[in-house]
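Engineer: My structure is stored as query_36.txt, with compact mmCIF, C-alpha atoms.
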```txt
# COMPACT_ATOMS: atom_id res chain seq x y z
CA MET K 102 72.78 154.12 98.49
CA THR K 103 71.15 152.47 101.51
CA PRO K 104 69.60 148.99 101.25
CA SER K 105 66.14 150.44 101.85
CA ALA K 106 66.59 152.98 99.07
CA THR K 107 67.74 150.23 96.72
CA SER K 108 64.73 148.12 97.65
CA THR K 109 62.41 151.02 96.90
CA LEU K 110 63.82 151.27 93.41
CA VAL K 111 63.66 147.52 92.79
CA GLU K 112 60.22 146.54 94.02
CA LYS K 113 56.85 148.24 94.41
CA THR K 114 54.29 147.86 97.17
CA PRO K 115 50.74 146.80 96.23
CA LEU K 116 48.25 149.64 96.50
CA GLU K 117 45.32 147.34 97.31
CA THR K 118 44.42 143.82 98.37
CA TYR K 119 41.78 141.52 96.93
CA VAL K 120 38.31 141.93 98.41
CA PRO K 121 36.06 138.99 97.51
CA PRO K 122 32.53 139.63 96.23
CA ALA K 123 29.56 138.82 98.47
CA LYS K 124 28.90 135.66 96.44
CA PRO K 125 32.35 134.22 95.65
CA SER K 126 33.27 132.12 92.62
CA LEU K 127 34.37 128.52 93.10
CA ILE K 128 36.88 128.88 90.27
CA GLY K 129 40.45 128.52 91.56
CA LEU K 130 39.69 126.41 94.63
CA SER K 131 41.46 123.09 95.15
CA ARG K 132 39.43 119.92 95.68
CA ALA K 133 40.04 120.17 99.43
CA GLN K 134 38.85 123.78 99.45
CA LEU K 135 35.76 122.81 97.46
CA CYS K 136 35.00 120.18 100.11
CA ASP K 137 35.33 122.84 102.79
CA ARG K 138 32.94 125.19 100.97
CA LEU K 139 30.44 122.37 100.54
CA GLY K 140 30.65 121.69 104.26
CA GLU K 141 29.86 125.33 104.96
CA ILE K 142 26.52 125.00 103.13
CA GLY K 143 25.52 121.79 104.87
CA VAL K 144 26.71 119.01 102.57
CA ALA K 145 27.27 115.89 104.68
CA PRO K 146 30.90 114.72 105.03
CA PRO K 147 30.40 111.42 103.14
CA GLN K 148 29.08 113.35 100.09
CA ARG K 149 31.61 116.15 99.91
CA LYS K 150 34.34 114.39 97.94
CA MET K 151 31.88 113.14 95.33
CA ARG K 152 30.18 116.53 95.02
CA ALA K 153 33.54 118.29 94.75
CA GLN K 154 34.54 115.96 91.91
CA GLN K 155 31.27 116.69 90.11
CA LEU K 156 31.91 120.42 90.38
CA TRP K 157 35.53 119.94 89.24
CA HIS K 158 34.39 118.11 86.10
CA TRP K 159 31.71 120.63 85.20
CA MET K 160 33.98 123.63 85.76
CA TYR K 161 37.25 122.42 84.26
CA VAL K 162 36.30 119.76 81.71
CA ARG K 163 33.01 121.09 80.35
CA GLY K 164 33.43 124.78 81.14
CA ALA K 165 30.04 125.25 82.83
CA ARG K 166 29.21 128.90 83.39
CA ASP K 167 26.22 128.34 85.65
CA PHE K 168 25.16 125.68 88.15
CA SER K 169 22.00 125.08 86.11
CA GLU K 170 24.15 123.36 83.46
CA MET K 171 25.30 120.68 85.93
CA THR K 172 22.66 118.13 85.02
CA ASN K 173 23.92 115.23 87.16
CA VAL K 174 23.64 117.39 90.29
CA SER K 175 20.22 117.45 91.95
CA LYS K 176 18.05 120.54 91.42
CA GLU K 177 18.01 121.15 95.16
CA MET K 178 21.81 121.08 95.35
CA ARG K 179 22.12 123.34 92.31
CA ALA K 180 19.79 125.85 93.92
CA THR K 181 21.79 125.77 97.17
CA LEU K 182 25.05 126.24 95.30
CA ALA K 183 23.63 129.16 93.32
CA GLU K 184 22.44 130.79 96.54
CA HIS K 185 25.95 130.91 97.97
CA PHE K 186 28.44 130.74 95.08
CA THR K 187 29.04 131.35 91.37
CA VAL K 188 31.35 129.86 88.74
CA ASP K 189 32.10 133.31 87.36
CA ARG K 190 35.35 134.12 85.59
CA PRO K 191 36.70 137.59 84.77
CA GLU K 192 34.40 139.76 82.65
CA VAL K 193 35.48 140.42 79.06
CA VAL K 194 35.12 144.14 78.38
CA ALA K 195 37.01 144.28 75.07
CA GLU K 196 38.42 141.93 72.46
CA GLN K 197 40.87 142.74 69.68
CA ILE K 198 41.95 140.40 66.88
CA SER K 199 45.20 140.99 65.03
CA ALA K 200 45.72 140.46 61.33
CA ASP K 201 47.97 137.51 62.26
CA GLY K 202 45.24 135.87 64.37
CA THR K 203 46.53 136.98 67.76
CA ARG K 204 43.66 137.77 70.13
CA LYS K 205 43.77 140.11 73.11
CA TRP K 206 41.11 140.31 75.81
CA LEU K 207 40.72 143.10 78.35
CA LEU K 208 39.36 141.46 81.51
CA ARG K 209 37.65 143.23 84.40
CA LEU K 210 38.13 141.98 87.98
CA PRO K 211 36.57 142.94 91.32
CA SER K 212 38.06 146.15 92.73
CA GLY K 213 39.18 146.72 96.26
CA GLY K 214 35.96 148.37 97.40
CA ASP K 215 33.03 150.67 96.67
CA GLY K 216 33.80 153.67 94.53
CA GLN K 217 37.19 152.39 93.38
CA LYS K 218 38.11 151.96 89.77
CA ALA K 219 37.68 148.42 88.43
CA HIS K 220 40.83 146.35 88.17
CA GLU K 221 41.72 145.18 84.68
CA VAL K 222 44.31 142.93 83.10
CA GLU K 223 44.85 141.60 79.61
CA CYS K 224 45.25 138.08 78.31
CA VAL K 225 46.67 137.21 74.88
CA TYR K 226 46.20 134.14 72.67
CA ILE K 227 48.83 133.46 69.97
CA PRO K 228 47.88 130.81 67.39
CA GLU K 229 50.60 128.99 65.45
CA THR K 230 50.54 126.06 63.04
CA ASP K 231 51.54 123.49 65.67
CA ARG K 232 50.23 125.07 68.88
CA GLY K 233 48.16 127.78 70.47
CA THR K 234 49.79 129.71 73.31
CA LEU K 235 47.91 131.67 75.95
CA CYS K 236 49.81 134.36 77.82
CA VAL K 237 48.48 134.89 81.34
CA SER K 238 48.97 137.67 83.90
CA SER K 239 49.72 137.23 87.60
CA GLN K 240 49.36 140.80 88.95
CA VAL K 241 47.39 143.97 88.24
CA GLY K 242 50.29 146.20 87.36
CA CYS K 243 53.86 145.07 87.94
CA THR K 244 56.11 144.62 90.95
CA LEU K 245 59.30 145.55 89.11
CA ASN K 246 60.74 148.47 87.15
CA CYS K 247 62.47 146.85 84.16
CA ALA K 248 63.80 149.70 82.05
CA PHE K 249 62.85 148.35 78.62
CA CYS K 250 59.35 147.12 79.53
CA HIS K 251 56.28 149.34 79.33
CA THR K 252 54.48 147.19 81.90
CA GLY K 253 57.21 148.09 84.38
CA THR K 254 56.19 151.77 84.25
CA GLN K 255 52.83 150.90 85.80
CA ARG K 256 52.16 150.91 89.52
CA LEU K 257 51.40 147.62 91.26
CA VAL K 258 47.72 147.57 92.18
CA ARG K 259 47.41 144.07 93.62
CA ASN K 260 48.12 140.37 93.19
CA LEU K 261 45.65 138.22 91.31
CA THR K 262 43.96 135.35 93.07
CA ALA K 263 44.31 131.74 91.92
CA GLY K 264 40.75 131.98 90.59
CA GLU K 265 41.55 135.08 88.54
CA ILE K 266 44.59 133.34 87.04
CA VAL K 267 42.68 130.14 86.19
CA GLY K 268 39.81 132.34 85.05
CA GLN K 269 41.94 133.79 82.25
CA VAL K 270 42.40 130.31 80.81
CA MET K 271 38.67 129.65 81.13
CA VAL K 272 37.74 132.94 79.45
CA ALA K 273 40.02 132.12 76.53
CA ARG K 274 38.44 128.67 76.18
CA ASP K 275 34.99 130.27 76.34
CA ARG K 276 35.81 132.77 73.60
CA LEU K 277 37.48 130.16 71.39
CA ASN K 278 34.79 127.53 72.04
CA ASP K 279 37.67 125.29 73.12
CA TRP K 280 36.10 123.07 75.77
CA ILE K 281 36.52 119.34 75.36
CA ASP K 282 32.91 118.61 74.39
CA ARG K 283 32.81 121.27 71.65
CA GLU K 284 33.96 121.31 68.05
CA THR K 285 36.97 123.40 67.02
CA PRO K 286 37.81 124.32 63.41
CA ASN K 287 40.70 121.84 63.18
CA GLY K 288 39.31 119.18 65.53
CA ASN K 289 42.12 119.70 68.05
CA ARG K 290 42.40 121.81 71.18
CA LEU K 291 43.22 125.41 70.32
CA ILE K 292 44.98 126.29 73.61
CA THR K 293 47.86 123.85 73.98
CA ASN K 294 50.46 125.94 75.85
CA ILE K 295 50.38 128.41 78.75
CA VAL K 296 53.04 131.04 79.41
CA MET K 297 53.08 133.05 82.64
CA MET K 298 54.51 136.06 80.82
CA GLY K 299 51.74 138.59 81.14
CA MET K 300 51.53 141.47 83.53
CA GLY K 301 53.41 141.05 86.80
CA GLU K 302 56.20 138.96 88.33
CA PRO K 303 54.75 135.47 88.96
CA LEU K 304 57.19 134.59 91.72
CA TYR K 305 56.06 137.58 93.79
CA ASN K 306 52.58 136.04 93.77
CA PHE K 307 53.86 132.52 94.29
CA ASP K 308 51.06 130.83 96.22
CA ALA K 309 48.29 131.96 93.89
CA VAL K 310 50.32 131.13 90.77
CA ARG K 311 51.18 127.70 92.15
CA ASP K 312 47.58 126.91 93.08
CA ALA K 313 46.31 128.10 89.69
CA LEU K 314 48.86 126.14 87.65
CA LEU K 315 48.17 122.96 89.59
CA ILE K 316 44.52 123.31 88.54
CA VAL K 317 45.42 124.13 84.92
CA SER K 318 47.71 121.07 84.71
CA ASP K 319 45.34 118.67 86.48
CA ASN K 320 44.68 115.80 84.05
CA GLU K 321 41.11 115.40 85.31
CA GLY K 322 40.32 119.00 84.44
CA ILE K 323 41.82 121.58 82.08
CA GLY K 324 44.61 119.09 81.49
CA ILE K 325 47.46 121.13 80.00
CA SER K 326 50.72 119.25 80.59
CA ARG K 327 53.27 120.86 82.90
CA ARG K 328 55.78 120.50 80.08
CA ARG K 329 53.56 122.86 78.06
CA ILE K 330 53.41 125.47 80.82
CA THR K 331 56.26 127.97 81.12
CA LEU K 332 56.70 130.37 84.01
CA SER K 333 58.87 133.40 83.31
CA THR K 334 60.61 135.24 86.13
CA SER K 335 62.94 138.23 86.29
CA GLY K 336 64.95 136.28 88.85
CA VAL K 337 63.26 135.96 92.25
CA VAL K 338 65.93 133.50 93.39
CA PRO K 339 64.34 132.18 96.61
CA ASN K 340 61.23 131.03 94.74
CA ILE K 341 62.94 129.43 91.74
CA LYS K 342 63.61 126.11 93.48
CA ARG K 343 60.10 126.21 94.96
CA THR K 344 58.75 126.52 91.42
CA GLY K 345 60.44 123.28 90.44
CA ASP K 346 59.51 121.46 93.64
CA GLU K 347 55.93 122.66 94.07
CA ILE K 348 54.73 123.37 90.51
CA GLY K 349 57.06 121.43 88.22
CA VAL K 350 56.58 123.56 85.11
CA MET K 351 59.12 124.78 82.57
CA LEU K 352 61.20 127.77 83.64
CA ALA K 353 62.11 130.90 81.69
CA ILE K 354 64.47 133.60 82.93
CA SER K 355 64.27 137.22 81.76
CA LEU K 356 68.03 137.64 81.48
CA HIS K 357 68.67 140.44 78.94
CA ALA K 358 72.26 141.21 80.02
CA VAL K 359 75.52 139.38 80.68
CA ARG K 360 77.02 141.88 83.14
CA ASP K 361 75.72 142.86 86.55
CA ASP K 362 76.13 146.58 85.92
CA LEU K 363 73.98 146.49 82.78
CA ARG K 364 71.43 144.07 84.23
CA ASP K 365 71.14 146.35 87.29
CA GLU K 366 69.87 148.98 84.85
CA LEU K 367 67.69 146.81 82.63
CA VAL K 368 66.31 144.47 85.31
CA PRO K 369 66.72 146.27 88.66
CA LEU K 370 65.88 143.10 90.60
CA ASN K 371 69.46 142.12 89.74
CA ARG K 372 70.61 144.46 92.52
CA LYS K 373 68.93 142.12 94.99
CA TYR K 374 69.69 138.81 93.25
CA PRO K 375 72.79 139.27 91.03
CA LEU K 376 73.74 137.03 88.13
CA LYS K 377 75.88 134.62 90.15
CA GLU K 378 73.00 133.80 92.51
CA LEU K 379 70.46 133.65 89.69
CA LEU K 380 72.48 131.29 87.53
CA GLN K 381 73.26 129.01 90.47
CA ALA K 382 69.52 128.75 91.14
CA CYS K 383 69.09 127.74 87.49
CA ARG K 384 71.79 125.09 87.79
CA ASP K 385 69.95 123.73 90.83
CA TYR K 386 66.47 123.88 89.26
CA PRO K 387 64.68 120.58 89.96
CA GLY K 388 64.17 118.52 86.81
CA ALA K 389 66.32 120.64 84.49
CA SER K 390 67.82 118.46 81.76
CA ASN K 391 68.43 118.46 78.02
CA ALA K 392 64.81 117.36 77.65
CA ARG K 393 63.58 120.09 80.03
CA ARG K 394 65.79 123.02 79.21
CA ILE K 395 65.55 126.39 80.90
CA THR K 396 64.73 129.21 78.50
CA PHE K 397 66.72 132.42 78.80
CA GLU K 398 64.93 135.43 77.32
CA TYR K 399 67.16 138.09 75.84
CA VAL K 400 65.66 141.29 74.44
CA MET K 401 67.77 142.74 71.61
CA LEU K 402 68.58 146.40 72.31
CA LYS K 403 70.55 148.32 69.70
CA GLY K 404 73.98 149.34 70.94
CA VAL K 405 73.22 148.10 74.46
CA ASN K 406 73.53 144.32 74.65
CA ASP K 407 73.76 143.08 71.08
CA THR K 408 77.47 142.77 70.22
CA ILE K 409 79.21 139.53 69.35
CA ASP K 410 81.20 139.99 72.58
CA ASP K 411 77.87 139.99 74.44
CA ALA K 412 76.97 136.76 72.64
CA ARG K 413 80.32 135.23 73.61
CA LYS K 414 79.83 136.19 77.27
CA LEU K 415 76.27 134.84 77.19
CA VAL K 416 77.53 131.44 76.08
CA GLN K 417 80.16 131.47 78.82
CA LEU K 418 77.60 132.53 81.42
CA LEU K 419 75.24 129.64 80.66
CA LYS K 420 77.90 126.94 80.59
CA GLY K 421 76.66 123.82 82.37
CA ILE K 422 72.98 124.83 82.32
CA PRO K 423 70.59 122.88 80.03
CA ALA K 424 69.43 125.96 78.18
CA LYS K 425 67.90 127.50 75.11
CA ILE K 426 68.03 131.19 74.37
CA ASN K 427 65.06 133.12 72.99
CA LEU K 428 66.09 136.33 71.29
CA ILE K 429 63.34 138.94 71.44
CA PRO K 430 63.32 141.88 69.03
CA PHE K 431 62.58 144.91 71.18
CA ASN K 432 59.04 146.22 70.79
CA PRO K 433 59.11 150.01 71.10
CA TRP K 434 56.57 151.91 73.18
CA PRO K 435 55.99 155.65 73.67
CA GLY K 436 58.73 157.23 75.76
CA SER K 437 61.17 154.34 75.58
CA LYS K 438 64.83 155.27 75.24
CA TYR K 439 65.77 152.01 73.55
CA GLU K 440 65.70 150.85 69.92
CA CYS K 441 65.52 147.38 68.47
CA SER K 442 68.78 145.93 67.20
CA ASP K 443 69.25 145.87 63.44
CA TRP K 444 68.04 142.60 61.94
CA ASP K 445 71.49 141.77 60.53
CA GLN K 446 72.95 142.11 64.01
CA ILE K 447 70.24 139.92 65.52
CA GLU K 448 71.04 137.22 62.94
CA LYS K 449 74.78 137.42 63.67
CA PHE K 450 74.10 137.20 67.41
CA SER K 451 71.81 134.20 66.89
CA GLU K 452 74.30 132.46 64.60
CA TYR K 453 77.10 132.78 67.16
CA ILE K 454 74.94 131.24 69.89
CA PHE K 455 73.73 128.47 67.58
CA ASN K 456 77.29 127.60 66.57
CA ALA K 457 78.15 127.37 70.27
CA GLY K 458 75.59 124.59 70.61
CA TYR K 459 72.52 126.43 71.90
CA SER K 460 69.10 126.69 70.33
CA SER K 461 68.63 130.40 69.67
CA PRO K 462 65.30 131.11 67.96
CA VAL K 463 64.31 134.69 67.27
CA ARG K 464 60.73 135.36 68.33
CA THR K 465 58.61 136.52 65.45
CA PRO K 466 56.79 139.66 66.61
CA ARG K 467 53.07 138.90 66.90
CA GLY K 468 50.08 141.14 67.46
CA ARG K 469 51.93 144.43 67.02
CA ASP K 470 48.95 145.97 65.24
CA ILE K 471 46.86 145.53 68.41
CA LEU K 472 49.80 146.28 70.74
CA ALA K 473 49.92 142.68 71.96
CA ALA K 474 53.64 142.13 71.56
CA CYS K 475 56.35 141.46 74.09
CA GLY K 476 56.99 144.21 76.63
CA GLN K 477 54.35 146.68 75.48
CA LEU K 478 51.61 146.32 78.08
CA LYS K 479 50.44 149.06 80.32
CA SER K 480 46.94 148.38 81.60
CA GLU K 481 44.35 151.08 82.05
CA THR K 482 44.01 149.92 85.65
CA GLU K 483 46.66 152.38 86.82
CA LYS K 484 44.54 154.16 89.40
CA LEU K 485 43.90 157.87 88.77
CA SER K 486 45.96 157.63 85.58
CA VAL K 487 45.01 158.56 82.04
CA ARG K 488 43.18 155.86 80.09
CA GLU K 489 45.87 153.83 78.40
CA ARG K 490 45.76 150.25 77.20
CA ASP K 491 48.60 148.77 75.29
CA ALA K 492 49.39 145.06 75.42
CA LEU K 493 50.59 142.09 77.40
CA ARG K 494 54.16 140.99 77.53
CA ALA K 495 53.01 138.00 75.56
CA MET K 496 54.78 135.89 72.99
CA ALA K 497 54.69 132.23 72.15
CA MET K 498 57.63 130.18 73.34
CA THR K 499 59.39 128.68 70.33
CA ASP K 500 61.20 125.36 70.29
```
Is it possible to express this structure as structure tokens?
Structural biologist:
Amino acid sequence: MTPSATSTLVEKTPLETYVPPAKPSLIGLSRAQLCDRLGEIGVAPPQRKMRAQQLWHWMYVRGARDFSEMTNVSKEMRATLAEHFTVDRPEVVAEQISADGTRKWLLRLPSGGDGQKAHEVECVYIPETDRGTLCVSSQVGCTLNCAFCHTGTQRLVRNLTAGEIVGQVMVARDRLNDWIDRETPNGNRLITNIVMMGMGEPLYNFDAVRDALLIVSDNEGIGISRRRITLSTSGVVPNIKRTGDEIGVMLAISLHAVRDDLRDELVPLNRKYPLKELLQACRDYPGASNARRITFEYVMLKGVNDTIDDARKLVQLLKGIPAKINLIPFNPWPGSKYECSDWDQIEKFSEYIFNAGYSSPVRTPRGRDILAACGQLKSETEKLSVRERDALRAMAMTD
């Protein structure tokens, strides 16, 4: 097989690019970019930094949805801002609530142009007793073709912008009434953790993901600690070190196999970045330590990767890497050729890894009744496709 043919199988080309609306949203802009936009509408240089900080506070601390809410900004300035910009986030077109409290939102985004089908992604909130985890998407569709993942069967429509990524967090806070100046049922923040585990491969949309997560983790705004943000990648090796250097969040690797031949099938990106390269990048990940372990995600597939010999090789493979291993019961979807491992086998696999000194929690399936469990998503934004909405590849990370 030629390199170009291999590449075609591994990665998809976006069908569209983002086309901004006539009146763009300020959500997702850095402070420096906000200053630039203020300059474009005539704000004097000495005032720009102060005005940008006012906007930052109203957008990311108080969750303002309209400039009229920004009461310490002059009426004239509010009118000028409203003439040129918005603070819009993605539009919620559907909400589903699982029996276990998991919430899933279908979000509509600007399409590429007139007459084209609206772009849509889904965002999932998973409440637990000690945390609330929001699973966020980075692309409309998916770059890759992972064999066990329903999302991977969808075409890649386009990358999300930083504003559309931050906007998912803001929508969730809107729907949960979770802004800092509002009362929540338990008196604490409901969204405490972010996982970049939704639709798409985050490291193939690196710049937008980086810019969004720097806003989400900014302690003068949304304020979610980088240690409570986890970015999951299928193994885009060149951008793994950049993630540590430029974003500084926790890292998760979608591993799923201990041999190159099997991982080539399950995670075709392995053909481009094989296990040896991937694991070396993990060993070199900036800031990795026993206190900041890398999570390795391992989906349990019956008769495929679930033997005790697989567990033994997994332990050997991760030697020297500060790691924990999340075992994921496979969530079936229509047309899949795989089955979930028997529960007894999952427990034996987990016990072997635990006895070898690794944390090996088994993710409790959440949101299955609304198809919001790991690996099930296929958005209805597949252009010219049948209407089909399943769920985000979204599960809470478990310590």
Engineer: Which neighbours of range 382-386 of chain K fall inside 8 Å, counting only C-alpha atoms, when residues of the same chain fewer than 6 positions from it are skipped, and could you give them as a list in words?
Structural biologist: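 Once the adjacent positions are removed, what remains is Val338, Ile341, Lys342, Gly345, Ile395, Gly421 and Ile422 of chain K.
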Engineer: Between range 134-246 of chain K and range 270-280 of chain K, at 10 Å or less, what are the per-residue closest atom pairs and their distances in Å? Count only C-alpha atoms, order by chain and rising residue number, and return it as CSV.
Structural biologist:
```
residue,atom,partner,partner_atom,distance
K:Met160,CA,K:Met271,CA,8.9
K:Tyr161,CA,K:Met271,CA,8.0
K:Val162,CA,K:Trp280,CA,6.8
K:Arg163,CA,K:Trp280,CA,5.9
K:Gly164,CA,K:Trp280,CA,6.2
K:Ala165,CA,K:Trp280,CA,9.6
K:Arg166,CA,K:Asp275,CA,9.2
K:Asp189,CA,K:Val272,CA,9.7
K:Arg190,CA,K:Val272,CA,6.7
K:Pro191,CA,K:Val272,CA,7.1
K:Glu192,CA,K:Val272,CA,8.2
K:Val193,CA,K:Val272,CA,7.8
K:Glu196,CA,K:Arg276,CA,9.6
K:Arg204,CA,K:Ala273,CA,9.3
K:Lys205,CA,K:Ala273,CA,9.5
K:Trp206,CA,K:Ala273,CA,8.3
K:Leu208,CA,K:Val272,CA,8.9
K:Cys224,CA,K:Ala273,CA,8.1
K:Val225,CA,K:Ala273,CA,8.5
K:Tyr226,CA,K:Ala273,CA,7.6
K:Leu235,CA,K:Val270,CA,7.5
K:Cys236,CA,K:Val270,CA,9.0
K:Val237,CA,K:Val270,CA,7.6
```
Engineer: Mind writing the picked residues with C-alpha atoms as a PDB file, in the coordinates of the input?
Structural biologist:
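Result went into part-v1.pdb, see below:
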```pdb
ATOM      1  CA  MET K 160      33.980 123.630  85.760  1.00  0.00           C
ATOM      2  CA  TYR K 161      37.250 122.420  84.260  1.00  0.00           C
ATOM      3  CA  VAL K 162      36.300 119.760  81.710  1.00  0.00           C
ATOM      4  CA  ARG K 163      33.010 121.090  80.350  1.00  0.00           C
ATOM      5  CA  GLY K 164      33.430 124.780  81.140  1.00  0.00           C
ATOM      6  CA  ALA K 165      30.040 125.250  82.830  1.00  0.00           C
ATOM      7  CA  ARG K 166      29.210 128.900  83.390  1.00  0.00           C
ATOM      8  CA  ASP K 189      32.100 133.310  87.360  1.00  0.00           C
ATOM      9  CA  ARG K 190      35.350 134.120  85.590  1.00  0.00           C
ATOM     10  CA  PRO K 191      36.700 137.590  84.770  1.00  0.00           C
ATOM     11  CA  GLU K 192      34.400 139.760  82.650  1.00  0.00           C
ATOM     12  CA  VAL K 193      35.480 140.420  79.060  1.00  0.00           C
ATOM     13  CA  GLU K 196      38.420 141.930  72.460  1.00  0.00           C
ATOM     14  CA  ARG K 204      43.660 137.770  70.130  1.00  0.00           C
ATOM     15  CA  LYS K 205      43.770 140.110  73.110  1.00  0.00           C
ATOM     16  CA  TRP K 206      41.110 140.310  75.810  1.00  0.00           C
ATOM     17  CA  LEU K 208      39.360 141.460  81.510  1.00  0.00           C
ATOM     18  CA  CYS K 224      45.250 138.080  78.310  1.00  0.00           C
ATOM     19  CA  VAL K 225      46.670 137.210  74.880  1.00  0.00           C
ATOM     20  CA  TYR K 226      46.200 134.140  72.670  1.00  0.00           C
ATOM     21  CA  LEU K 235      47.910 131.670  75.950  1.00  0.00           C
ATOM     22  CA  CYS K 236      49.810 134.360  77.820  1.00  0.00           C
ATOM     23  CA  VAL K 237      48.480 134.890  81.340  1.00  0.00           C
TER      24      VAL K 237
END
```
Engineer: For range 348-357 of chain K, find every residue with an atom within 6 Å (counting only C-alpha atoms), except residues of its own chain fewer than 6 positions away, and show them as a list in words.
Structural biologist: Arg311, Arg327, Arg328, Ile330, Thr331, Leu332, Ser333, Thr334, Ser335, Ile395, Thr396, Phe397, Glu398, Tyr399 and Val400 of chain K
Engineer: For a quick check of understanding, using all atoms listed in the file, which of K:Ile227, K:Leu261, K:Ala313, K:Leu304 has the smallest distance to Ser199 in chain K?
Structural biologist: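 For Ser199 in chain K, the nearest of the candidates is K:Ile227.
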Engineer: So the first atom is CA of Leu376 in chain K and the second is CA of Pro339 in chain K; what is the distance between them in Å, to one decimal place?
Structural biologist: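 These atoms are spaced 13.6 Å apart.
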Engineer: Quick one: distance from CA of Ile447 in chain K to CA of Thr244 in chain K in Å, one decimal?
Structural biologist: 29.5 Å
Engineer: For range 406-413 of chain K, please output as a list of chain:residue names all residues within 8 Å (counting all atoms listed in the file; exclusion window: fewer than 4 positions along the same chain).
Structural biologist: K:His357, K:Ala358, K:Val359, K:Met401, K:Leu402, K:Gln417, K:Ser442, K:Gln446, K:Ile447, K:Lys449, K:Phe450, K:Tyr453, K:Ile454
Engineer: What does the distance between CA of Arg209 in chain K and CA of Glu221 in chain K come to in Å, to one decimal place?
Structural biologist: 4.5 Å
Engineer: For Glu184 in chain K, which of K:Val368, K:Cys243, K:Met300, K:Ala123 is the closest residue, counting all atoms listed in the file?
Structural biologist: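 Among the listed residues, the smallest separation from Glu184 in chain K belongs to K:Ala123.
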Engineer: When distances are computed from all atoms listed in the file, which of K:Ile128, K:Val120, K:Ile325, K:Leu415 shows the smallest separation from Ala219 in chain K?
Structural biologist: K:Val120
Engineer: With all atoms listed in the file as the basis for distance, which of K:Lys425, K:Thr181, K:Phe307, K:Glu452 is at the shortest distance from Arg393 in chain K?
Structural biologist: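 When distances to Arg393 in chain K are compared using all atoms listed in the file, the smallest one comes from K:Lys425.
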